[in-house]
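Engineer: Sending over final_36.txt (compact mmCIF, C-alpha atoms).
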```txt
# COMPACT_ATOMS: atom_id res chain seq x y z
CA MET A 9 148.57 79.78 149.29
CA PHE A 10 144.90 79.51 149.95
CA ARG A 11 142.02 81.90 150.27
CA LEU A 12 140.91 83.22 153.61
CA SER A 13 137.69 85.11 154.15
CA ILE A 14 136.67 86.41 157.54
CA VAL A 15 133.01 87.37 157.67
CA THR A 16 131.13 88.98 160.56
CA PRO A 17 127.43 89.80 160.77
CA GLU A 18 128.35 93.44 160.04
CA LYS A 19 130.64 93.02 157.07
CA VAL A 20 133.27 91.08 155.19
CA PHE A 21 136.24 91.73 157.42
CA TYR A 22 139.03 90.25 155.35
CA GLU A 23 139.34 88.43 152.06
CA ALA A 24 142.66 87.55 150.40
CA ASP A 25 145.11 84.73 149.67
CA ILE A 26 147.27 83.80 152.62
CA LYS A 27 150.04 81.33 153.46
CA SER A 28 149.12 80.02 156.88
CA LEU A 29 146.46 80.39 159.52
CA VAL A 30 146.13 79.60 163.22
CA VAL A 31 142.73 79.71 164.95
CA PRO A 32 141.36 78.93 168.42
CA GLY A 33 139.28 75.78 167.94
CA THR A 34 137.10 74.56 170.78
CA GLU A 35 139.59 71.72 171.32
CA GLY A 36 142.64 73.98 171.20
CA TYR A 37 144.54 76.05 168.67
CA LEU A 38 144.90 74.54 165.22
CA GLY A 39 146.91 75.48 162.17
CA VAL A 40 145.80 75.47 158.54
CA LEU A 41 148.10 75.33 155.53
CA SER A 42 147.37 74.90 151.81
CA ASN A 43 145.54 71.72 150.81
CA HIS A 44 144.15 71.12 154.26
CA ALA A 45 141.53 68.39 154.51
CA PRO A 46 137.90 69.61 154.61
CA LEU A 47 137.11 70.67 158.14
CA ILE A 48 134.41 72.38 160.13
CA THR A 49 135.01 73.48 163.68
CA ALA A 50 133.60 75.90 166.21
CA LEU A 51 135.88 78.63 167.55
CA LYS A 52 136.17 79.93 171.06
CA PRO A 53 137.38 83.37 172.11
CA GLY A 54 141.05 83.67 171.30
CA ARG A 55 143.49 84.96 168.74
CA ILE A 56 143.57 84.44 165.00
CA GLU A 57 146.97 84.63 163.43
CA PHE A 58 147.71 84.44 159.73
CA ARG A 59 150.61 85.08 157.40
CA ASP A 60 149.52 86.95 154.31
CA ALA A 61 150.98 86.85 150.78
CA ASN A 62 153.71 89.33 151.77
CA ASP A 63 154.73 87.25 154.78
CA LYS A 64 153.29 89.81 157.13
CA VAL A 65 151.85 88.27 160.28
CA ASN A 66 148.41 89.60 161.22
CA ILE A 67 146.98 89.08 164.66
CA MET A 68 143.42 89.66 165.74
CA ALA A 69 141.08 88.88 168.60
CA VAL A 70 138.02 86.80 167.82
CA SER A 71 135.11 86.40 170.21
CA GLY A 72 133.93 83.07 168.85
CA GLY A 73 132.52 81.65 165.65
CA PHE A 74 133.20 78.92 163.12
CA LEU A 75 135.84 77.85 160.66
CA GLU A 76 135.26 75.89 157.52
CA VAL A 77 138.04 74.69 155.26
CA SER A 78 137.40 73.04 151.92
CA ASN A 79 139.01 73.16 148.47
CA ASN A 80 141.66 75.58 149.66
CA ILE A 81 139.14 78.06 150.89
CA ALA A 82 139.06 78.90 154.57
CA THR A 83 135.97 80.70 155.79
CA ILE A 84 135.75 82.12 159.26
CA LEU A 85 132.30 83.12 160.47
CA ALA A 86 133.13 85.30 163.42
CA ASP A 87 130.79 86.86 165.97
CA ALA A 88 133.23 89.76 166.18
CA VAL A 89 136.86 90.32 165.24
CA GLU A 90 139.28 93.13 165.99
CA LEU A 91 142.80 93.66 164.75
CA ALA A 92 145.17 93.54 167.68
CA ASP A 93 146.27 97.09 166.87
CA GLU A 94 142.70 98.33 166.99
CA ILE A 95 141.67 96.91 170.33
CA ASP A 96 140.33 99.57 172.67
CA ILE A 97 142.12 98.38 175.77
CA GLU A 98 140.35 100.80 178.10
CA ARG A 99 136.96 99.64 176.97
CA ALA A 100 138.00 96.02 177.31
CA GLN A 101 139.23 96.63 180.82
CA GLN A 102 136.04 98.43 181.78
CA ALA A 103 134.00 95.56 180.39
CA TYR A 104 136.15 93.13 182.34
CA GLU A 105 135.60 94.98 185.64
CA ARG A 106 131.89 95.34 184.98
CA GLU A 107 131.31 91.67 184.19
CA LYS A 108 133.43 90.61 187.11
CA LYS A 109 131.30 92.71 189.45
CA ARG A 110 128.16 91.18 188.04
CA LEU A 111 129.56 87.72 188.52
CA VAL A 112 130.36 88.52 192.14
CA SER A 113 126.89 89.96 192.78
CA ALA A 114 125.38 86.88 191.17
CA GLY A 115 127.42 84.80 193.61
CA SER A 116 126.02 86.76 196.52
CA GLY A 117 122.47 85.90 195.71
CA GLU A 118 121.23 88.27 193.00
CA THR A 119 119.01 86.18 190.77
CA ASP A 120 118.10 88.15 187.67
CA ILE A 121 121.57 87.76 186.17
CA ASP A 122 122.03 85.57 183.15
CA LEU A 123 125.09 83.66 184.30
CA PRO A 124 126.14 82.04 181.01
CA SER A 125 126.00 85.33 179.16
CA VAL A 126 127.97 87.12 181.89
CA ARG A 127 130.60 84.37 181.80
CA ALA A 128 130.79 84.63 178.02
CA ALA A 129 131.15 88.42 178.16
CA LEU A 130 133.88 88.08 180.77
CA GLU A 131 135.66 85.56 178.57
CA ARG A 132 135.52 87.95 175.61
CA ALA A 133 136.87 90.86 177.61
CA LYS A 134 139.68 88.71 179.02
CA ASN A 135 140.52 87.55 175.53
CA ARG A 136 140.75 91.10 174.20
CA ILE A 137 143.03 92.14 177.02
CA ARG A 138 145.20 89.06 176.54
CA VAL A 139 145.59 89.57 172.80
CA TYR A 140 146.37 93.24 173.36
CA LYS A 141 149.04 92.48 175.93
CA GLU A 142 150.63 89.80 173.77
CA THR A 143 151.10 92.23 170.94
CA HIS A 144 152.03 95.43 172.76
CA MET B 2 84.80 132.10 146.33
CA ALA B 3 87.04 132.20 149.38
CA THR B 4 88.29 135.56 150.42
CA LEU B 5 91.80 136.67 149.55
CA ARG B 6 93.03 136.41 153.07
CA GLU B 7 91.75 132.85 153.48
CA VAL B 8 93.39 131.65 150.28
CA LYS B 9 96.65 133.28 151.28
CA LYS B 10 96.55 131.50 154.62
CA ARG B 11 95.97 128.14 152.96
CA ILE B 12 98.87 128.68 150.59
CA LYS B 13 101.11 129.46 153.50
CA SER B 14 100.04 126.37 155.42
CA VAL B 15 100.44 124.05 152.43
CA LYS B 16 103.87 125.52 151.79
CA SER B 17 104.99 124.76 155.30
CA THR B 18 103.60 121.24 155.00
CA ARG B 19 105.60 120.81 151.84
CA ARG B 20 108.72 121.93 153.64
CA ILE B 21 108.14 119.25 156.25
CA THR B 22 107.39 116.44 153.81
CA SER B 23 110.42 117.23 151.68
CA ALA B 24 112.61 117.31 154.79
CA MET B 25 111.18 113.94 155.83
CA GLU B 26 111.88 112.60 152.38
CA MET B 27 115.51 113.60 152.61
CA VAL B 28 115.92 112.17 156.08
CA ALA B 29 114.35 108.90 154.94
CA ALA B 30 116.69 108.81 151.94
CA ALA B 31 119.71 109.16 154.19
CA LYS B 32 118.43 106.49 156.57
CA LEU B 33 117.61 104.24 153.66
CA ARG B 34 121.17 104.42 152.37
CA ARG B 35 122.49 103.29 155.72
CA ALA B 36 119.89 100.57 156.13
CA GLN B 37 120.49 99.32 152.61
CA GLN B 38 124.20 99.14 153.25
CA ARG B 39 123.48 97.16 156.34
CA VAL B 40 121.34 94.68 154.44
CA GLU B 41 124.00 94.23 151.80
CA GLN B 42 126.85 93.88 154.25
CA ALA B 43 124.97 91.35 156.32
CA ARG B 44 124.21 89.15 153.32
CA PRO B 45 127.61 87.41 152.94
CA TYR B 46 127.45 86.22 156.54
CA ALA B 47 123.98 84.76 156.13
CA GLU B 48 124.96 83.10 152.86
CA LYS B 49 128.14 81.55 154.27
CA MET B 50 126.23 80.33 157.25
CA ASP B 51 123.68 78.64 154.99
CA GLU B 52 126.53 77.05 153.08
CA MET B 53 128.22 75.82 156.22
CA LEU B 54 125.00 74.31 157.49
CA LYS B 55 124.54 72.53 154.19
CA HIS B 56 128.05 71.08 154.32
CA LEU B 57 127.54 70.11 157.90
CA ALA B 58 124.34 68.29 157.03
CA ALA B 59 125.94 66.56 154.06
CA GLY B 60 129.04 65.61 156.02
CA SER B 61 127.10 64.21 158.93
CA GLN B 62 125.01 62.06 156.57
CA GLY B 63 121.84 63.93 157.41
CA GLU B 64 121.88 62.75 160.98
CA ILE B 65 120.72 66.04 162.33
CA SER B 66 120.03 66.14 165.96
CA HIS B 67 119.07 69.56 167.08
CA PRO B 68 115.76 70.67 168.57
CA TYR B 69 115.36 73.47 165.99
CA PHE B 70 114.83 70.88 163.27
CA GLU B 71 112.15 68.95 165.09
CA GLU B 72 108.98 68.70 163.05
CA ARG B 73 105.98 67.65 165.05
CA GLU B 74 102.25 67.68 164.63
CA ILE B 75 101.13 71.29 164.45
CA LYS B 76 98.66 72.31 167.09
CA LYS B 77 99.71 75.85 167.71
CA LYS B 78 101.34 78.40 165.43
CA LEU B 79 103.12 81.61 166.18
CA LEU B 80 103.29 84.55 163.78
CA VAL B 81 105.87 87.30 164.09
CA VAL B 82 104.57 90.50 162.49
CA ILE B 83 107.18 93.14 161.74
CA THR B 84 105.77 96.66 161.33
CA SER B 85 107.08 100.15 161.99
CA ASP B 86 106.77 102.20 165.15
CA ARG B 87 105.40 105.29 163.51
CA GLY B 88 103.12 106.31 160.68
CA LEU B 89 103.53 108.23 157.42
CA TYR B 90 104.97 105.23 155.61
CA GLY B 91 102.41 105.07 152.84
CA SER B 92 101.01 101.58 152.50
CA TYR B 93 103.92 99.86 154.29
CA ASN B 94 102.08 98.93 157.48
CA SER B 95 98.64 98.38 155.99
CA ASN B 96 100.13 95.88 153.52
CA ILE B 97 101.71 93.88 156.30
CA ILE B 98 98.57 93.97 158.42
CA ARG B 99 96.36 92.98 155.51
CA HIS B 100 98.52 89.94 154.82
CA ALA B 101 98.57 89.11 158.50
CA THR B 102 94.78 89.11 158.81
CA ILE B 103 94.40 86.94 155.71
CA TRP B 104 96.95 84.49 157.06
CA LEU B 105 95.29 84.41 160.48
CA ASP B 106 91.98 83.72 158.83
CA GLU B 107 93.42 80.85 156.78
CA ASN B 108 95.00 79.33 159.86
CA LYS B 109 92.12 79.79 162.25
CA ASP B 110 91.91 76.04 162.88
CA PHE B 111 95.20 76.13 164.74
CA GLY B 112 95.97 77.62 168.09
CA MET B 113 97.54 80.98 167.48
CA GLU B 114 99.96 83.34 169.13
CA LEU B 115 101.31 86.67 167.95
CA VAL B 116 104.63 88.37 168.48
CA LEU B 117 104.61 91.99 167.36
CA VAL B 118 107.55 94.10 166.34
CA GLY B 119 106.71 97.79 165.99
CA LYS B 120 103.90 99.87 167.48
CA LYS B 121 101.70 99.90 164.39
CA GLY B 122 101.10 96.18 164.59
CA ASN B 123 100.17 96.52 168.21
CA ASP B 124 97.76 99.39 167.51
CA PHE B 125 95.89 97.09 165.20
CA PHE B 126 96.06 93.76 167.01
CA LYS B 127 95.54 94.85 170.59
CA ARG B 128 91.83 95.09 169.89
CA ARG B 129 91.61 91.71 168.15
CA PRO B 130 91.06 88.36 169.81
CA TYR B 131 94.56 86.98 169.28
CA PRO B 132 96.88 86.47 172.23
CA ILE B 133 99.92 88.73 171.93
CA VAL B 134 102.75 86.94 173.69
CA GLY B 135 105.55 89.31 172.78
CA TYR B 136 105.74 92.97 171.84
CA TYR B 137 108.95 94.75 170.90
CA HIS B 138 108.82 98.45 170.04
CA ASP B 139 110.78 101.72 169.94
CA TRP B 140 113.28 100.65 167.32
CA GLY B 141 113.44 104.00 165.57
CA GLY B 142 114.14 102.17 162.34
CA VAL B 143 117.54 101.07 163.57
CA LEU B 144 118.62 97.51 164.15
CA ASP B 145 119.36 96.89 167.82
CA TYR B 146 121.29 93.66 168.20
CA SER B 147 120.63 92.96 171.83
CA LYS B 148 116.90 93.50 171.28
CA ALA B 149 116.96 91.17 168.29
CA LYS B 150 118.69 88.56 170.44
CA ASP B 151 115.97 88.90 173.05
CA ILE B 152 113.38 88.09 170.40
CA VAL B 153 115.37 85.10 169.19
CA GLN B 154 115.72 83.86 172.75
CA PHE B 155 112.00 84.18 173.30
CA LEU B 156 111.00 82.50 170.04
CA THR B 157 113.40 79.59 170.32
CA ASN B 158 112.37 78.96 173.93
CA ARG B 159 108.76 78.96 172.93
CA PHE B 160 109.47 76.41 170.22
CA VAL B 161 111.84 74.17 172.13
CA GLN B 162 109.54 74.01 175.14
CA LYS B 163 106.76 72.94 172.77
CA ASP B 164 104.49 75.88 173.58
CA VAL B 165 104.17 76.35 169.82
CA ASP B 166 104.92 73.96 166.98
CA GLU B 167 105.63 76.32 164.13
CA ILE B 168 106.91 79.88 163.91
CA THR B 169 106.47 82.09 160.84
CA LEU B 170 107.99 85.50 160.18
CA LEU B 171 105.98 88.12 158.32
CA TYR B 172 108.15 90.95 157.10
CA THR B 173 108.82 93.15 154.10
CA ARG B 174 111.67 92.12 151.87
CA PHE B 175 113.73 94.88 150.34
CA LEU B 176 114.13 94.11 146.64
CA SER B 177 115.19 97.50 145.35
CA MET B 178 114.77 101.19 146.09
CA VAL B 179 111.21 101.11 144.78
CA LYS B 180 110.25 97.47 145.19
CA TYR B 181 109.28 95.75 148.42
CA ARG B 182 107.57 92.46 148.93
CA VAL B 183 105.59 91.27 151.92
CA THR B 184 107.07 87.88 152.74
CA PHE B 185 106.11 84.92 154.89
CA GLU B 186 109.08 82.89 155.98
CA LYS B 187 109.08 79.73 158.04
CA TYR B 188 111.34 80.36 161.01
CA LEU B 189 111.08 77.23 163.14
CA PRO B 190 111.39 74.35 162.67
CA ILE B 191 114.26 75.07 160.35
CA PRO B 192 113.76 73.24 157.06
CA ARG B 193 116.23 70.41 156.75
CA PRO B 194 119.11 71.55 154.56
CA GLU B 195 119.21 69.96 151.13
CA THR B 196 122.01 67.43 151.19
CA ALA B 197 121.69 66.11 147.67
CA VAL B 198 122.22 69.41 145.87
CA ASP B 199 125.95 69.69 146.39
CA THR B 200 127.80 67.02 144.48
CA GLU B 201 131.37 67.92 145.40
CA GLU B 202 133.14 64.68 146.09
CA THR B 203 134.74 65.94 149.28
CA MET B 204 131.37 66.34 150.96
CA SER B 205 131.40 63.28 153.15
CA ASP B 206 135.08 63.53 154.07
CA TYR B 207 134.63 66.50 156.35
CA ILE B 208 136.44 66.48 159.65
CA PHE B 209 134.32 67.84 162.47
CA GLU B 210 135.96 69.22 165.56
CA PRO B 211 134.96 68.10 168.11
CA ASN B 212 131.93 66.44 166.42
CA ALA B 213 128.97 67.32 164.25
CA GLU B 214 126.53 67.35 167.12
CA GLN B 215 128.44 69.96 169.10
CA ILE B 216 128.92 72.11 166.04
CA TYR B 217 125.18 72.01 165.49
CA ALA B 218 124.69 72.99 169.08
CA SER B 219 126.78 76.11 168.67
CA LEU B 220 125.82 76.89 165.09
CA MET B 221 122.04 76.78 165.36
CA PRO B 222 121.50 79.67 167.80
CA GLY B 223 123.65 81.86 165.56
CA TYR B 224 121.70 80.66 162.56
CA ALA B 225 118.39 81.52 164.18
CA THR B 226 119.70 84.95 165.15
CA THR B 227 121.00 85.64 161.66
CA LYS B 228 117.67 84.77 160.13
CA LEU B 229 115.73 87.12 162.35
CA VAL B 230 118.29 89.89 162.05
CA THR B 231 118.10 89.60 158.27
CA ALA B 232 114.31 89.89 158.36
CA LEU B 233 114.56 92.95 160.61
CA ALA B 234 117.23 94.59 158.49
CA GLU B 235 115.19 94.04 155.32
CA SER B 236 112.08 95.42 157.01
CA PHE B 237 113.82 98.54 158.22
CA ALA B 238 115.28 99.22 154.81
CA SER B 239 111.79 98.80 153.30
CA GLU B 240 110.38 101.07 155.98
CA HIS B 241 112.70 103.92 155.09
CA GLY B 242 112.17 103.31 151.39
CA SER B 243 108.38 103.39 151.78
CA ARG B 244 108.56 106.61 153.70
CA MET B 245 110.78 108.16 151.08
CA ILE B 246 108.30 107.27 148.35
CA ALA B 247 105.30 108.39 150.40
CA MET B 248 106.89 111.70 151.27
CA ASN B 249 108.00 112.26 147.70
CA ALA B 250 104.39 111.85 146.58
CA ALA B 251 103.20 114.14 149.36
CA THR B 252 105.68 116.81 148.35
CA LYS B 253 104.53 116.61 144.74
CA ASN B 254 100.88 116.80 145.76
CA ALA B 255 101.59 119.82 147.94
CA GLY B 256 103.24 121.49 144.96
CA GLU B 257 100.18 120.84 142.82
CA MET B 258 97.93 122.15 145.53
CA ILE B 259 99.97 125.32 145.84
CA ASP B 260 99.69 125.88 142.09
CA ASN B 261 95.92 125.51 142.21
CA LEU B 262 95.59 127.74 145.23
CA THR B 263 97.81 130.37 143.66
CA LEU B 264 95.53 130.34 140.64
CA ASP B 265 92.52 130.77 142.91
CA TYR B 266 94.29 133.57 144.71
CA ASN B 267 95.07 135.43 141.50
CA LYS B 268 91.52 134.98 140.25
CA ALA B 269 90.13 136.31 143.51
CA ARG B 270 92.50 139.26 143.41
CA GLN B 271 91.57 140.05 139.83
CA ALA B 272 87.88 139.80 140.71
CA GLN B 273 88.34 142.21 143.56
CA ILE B 274 90.19 144.74 141.42
CA THR B 275 87.49 144.51 138.80
CA LYS B 276 84.86 145.00 141.42
CA GLU B 277 86.62 148.06 142.84
CA LEU B 278 87.04 149.55 139.37
CA LEU B 279 83.37 149.06 138.68
CA GLU B 280 82.52 150.79 141.92
CA VAL B 281 84.75 153.77 141.09
CA VAL B 282 83.30 154.06 137.61
CA ALA B 283 79.76 153.73 138.93
CA GLY B 284 80.48 156.39 141.56
CA ALA B 285 81.86 158.77 138.89
CA GLU B 286 78.83 158.16 136.69
CA ALA B 287 76.55 158.95 139.60
CA LEU B 288 78.31 162.29 140.28
CA LYS B 289 78.07 163.27 136.60
CA GLY B 290 74.37 162.57 136.62
```
Would you give me this structure, written as structure tokens?

Structural biologist:
Amino acid sequence: MFRLSIVTPEKVFYEADIKSLVVPGTEGYLGVLSNHAPLITALKPGRIEFRDANDKVNIMAVSGGFLEVSNNIATILADAVELADEIDIERAQQAYEREKKRLVSAGSGETDIDLPSVRAALERAKNRIRVYKETH
Amino acid sequence: MATLREVKKRIKSVKSTRRITSAMEMVAAAKLRRAQQRVEQARPYAEKMDEMLKHLAAGSQGEISHPYFEEREIKKKLLVVITSDRGLYGSYNSNIIRHATIWLDENKDFGMELVLVGKKGNDFFKRRPYPIVGYYHDWGGVLDYSKAKDIVQFLTNRFVQKDVDEITLLYTRFLSMVKYRVTFEKYLPIPRPETAVDTEETMSDYIFEPNAEQIYASLMPGYATTKLVTALAESFASEHGSRMIAMNAATKNAGEMIDNLTLDYNKARQAQITKELLEVVAGAEALKG
């Protein structure tokens, strides 16, 4: 068992001892068990999965952030996290359509669109929808 | 002495003022609770981020390569002044502005630029000879993330493109319900994290995925945002606290004023009754005569 704390700019989202953890690193998904070597990595949008002390598997969508592991403490600094069960699928879908439209209009010559941020928003919306579909 | 009717009118007007100030006090108290919560909930994130940066610096043997750390000869400075949008905050805004003018005076040998948050700062500085390069207002005392990100974007661009060489934040730190401190904080370049402080033996064995440089690249913008957001959150909490205190004092003063006026009113009434009595008696005497 090791300690996991998930912290967002708004609040401490989760803090407890857990058995295993899987996170979306920038280089691909990676798993963490007890006594993992010290590690720091950036996270991309994806799903966080961990098995808590009662062997319950928790799944959530993360929109990016960082993971640090050292001395059996795993800290996730997340931009935003949502439990899979709490994802507002309609809102995610609306966001997806909206960003897609903006991307298309940027392609057709509109210039005052911040492309990287639109792409990132689209990625986040896609991720939410994906995590929702995987768990429902 | 004022006439009865005049005194009565004043009492009525002071009473209605008191109603308003006490309502404002209560509203500010409610807002303060929320803002304070926000400050406290945001703290763990900022602290963990600091920690992570420290470990990152220690693990990468201090080889920091990110533009936000670049210290160069200072030719031009930028000051971010965080004030409120509206008045009736007691000394909240005047404190900030006083410190700002002192600082500007001390640094007059450098080129200077101002970024203003809140209308009160603008009211003061728009008539002074400092170039205002950014002005963000209409916050309503609530933290707006996308607006905060705009500011961060602007400030970091300004620094990275070498338009300015140092950025300082001037804001009010929220220490407790009744204690606020005007604070200068160096924003950019970010001071190099202390690597020698932590002596855990694992420090240098960190694995970085994919590598330290890329983690810096994605960590630093978030770090810059967190720092500004923290300053804003602290300022807004102080703002509501200052208003609460100011309005509490105003309510008390209004109460005192009402007491005094009521005394005046009673005296005037008594005087009038006495006068009328005297007239009646004098009239009766005259008839007897």

Engineer: Given 6 Å of margin on each side, can you work out the centre and size in Å (one decimal) of an axis-aligned box holding every listed atom of range 43-55 of chain A, as JSON?

Structural biologist:
```
{"center_x": 139.6, "center_y": 76.7, "center_z": 161.5, "size_x": 23.9, "size_y": 28.6, "size_z": 33.3}
```

Engineer: For chain B, which residue out of A:Pro46, A:Gly115, A:Gly72, A:Gly36 is the nearest one, using only C-alpha atoms?

Structural biologist: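 Among A:Pro46, A:Gly115, A:Gly72, A:Gly36, it is A:Pro46 that comes nearest to chain B.
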
Engineer: Determine, using all atoms listed in the file, which residues of chain A have any atom at most 6 Å from an atom of chain B, and tabulate each with its shortest atom pair and distance in Å to one decimal place, rows ordered by chain and then rising number, as a tab-separated table.

Structural biologist:
```
residue	atom	partner	partner_atom	distance
A:Val15	CA	B:Tyr46	CA	5.8
A:Pro17	CA	B:Ala43	CA	5.3
A:Glu18	CA	B:Ala43	CA	5.4
A:Lys19	CA	B:Gln42	CA	4.8
A:Pro46	CA	B:Tyr207	CA	4.8
A:Leu47	CA	B:Ile208	CA	4.5
A:Ile48	CA	B:Phe209	CA	5.1
A:Thr49	CA	B:Glu210	CA	4.8
```

Engineer: In Å, with one decimal, what is the gap from CA of Thr84 in chain B to CA of Leu117 in chain B?

Structural biologist: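 So the answer is 7.7 Å.
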
Engineer: Between A:Lys52, A:Arg136, A:Arg59, A:His144, which residue has the minimum interatomic distance to Glu90 in chain A, considering only C-alpha atoms?

Structural biologist: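 For Glu90 in chain A, the nearest of the given residues is A:Arg136.
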
Engineer: Contacts of Lys141 in chain A at 12 Å or less, counting all atoms listed in the file, minus same-chain residues fewer than 3 places along, as a ChimeraX atom specification?

Structural biologist: /A:55,67-69,92-93,95-97,100-101,134-138,144

Engineer: Find the spatial neighbours of Leu111 in chain A, counting all atoms listed in the file, within a cut-off of 8 Å - ignore same-chain residues fewer than 6 positions away - and output them as a list in words.

Structural biologist: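 Contacts, in chain order: Leu123, Val126 and Arg127 of chain A.
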
Engineer: Find the residue from A:Ala133, A:Ile121, A:Val40, A:Ala50 that sits nearest to Gln102 in chain A; use all atoms listed in the file when measuring.

Structural biologist: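 Closest to Gln102 in chain A of all the choices is A:Ala133.
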
Engineer: Determine the nearest neighbour of Tyr172 in chain B from the options B:Phe185, B:Tyr146, B:Phe125, B:Trp104, counting all atoms listed in the file.

Structural biologist: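 Closest residue, counting all atoms listed in the file: B:Phe185.
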
Engineer: Considering all atoms listed in the file, can you say which of A:Leu38, A:Ile81, A:Gly73, A:Glu57 comes closest to Ala24 in chain A?

Structural biologist: A:Ile81
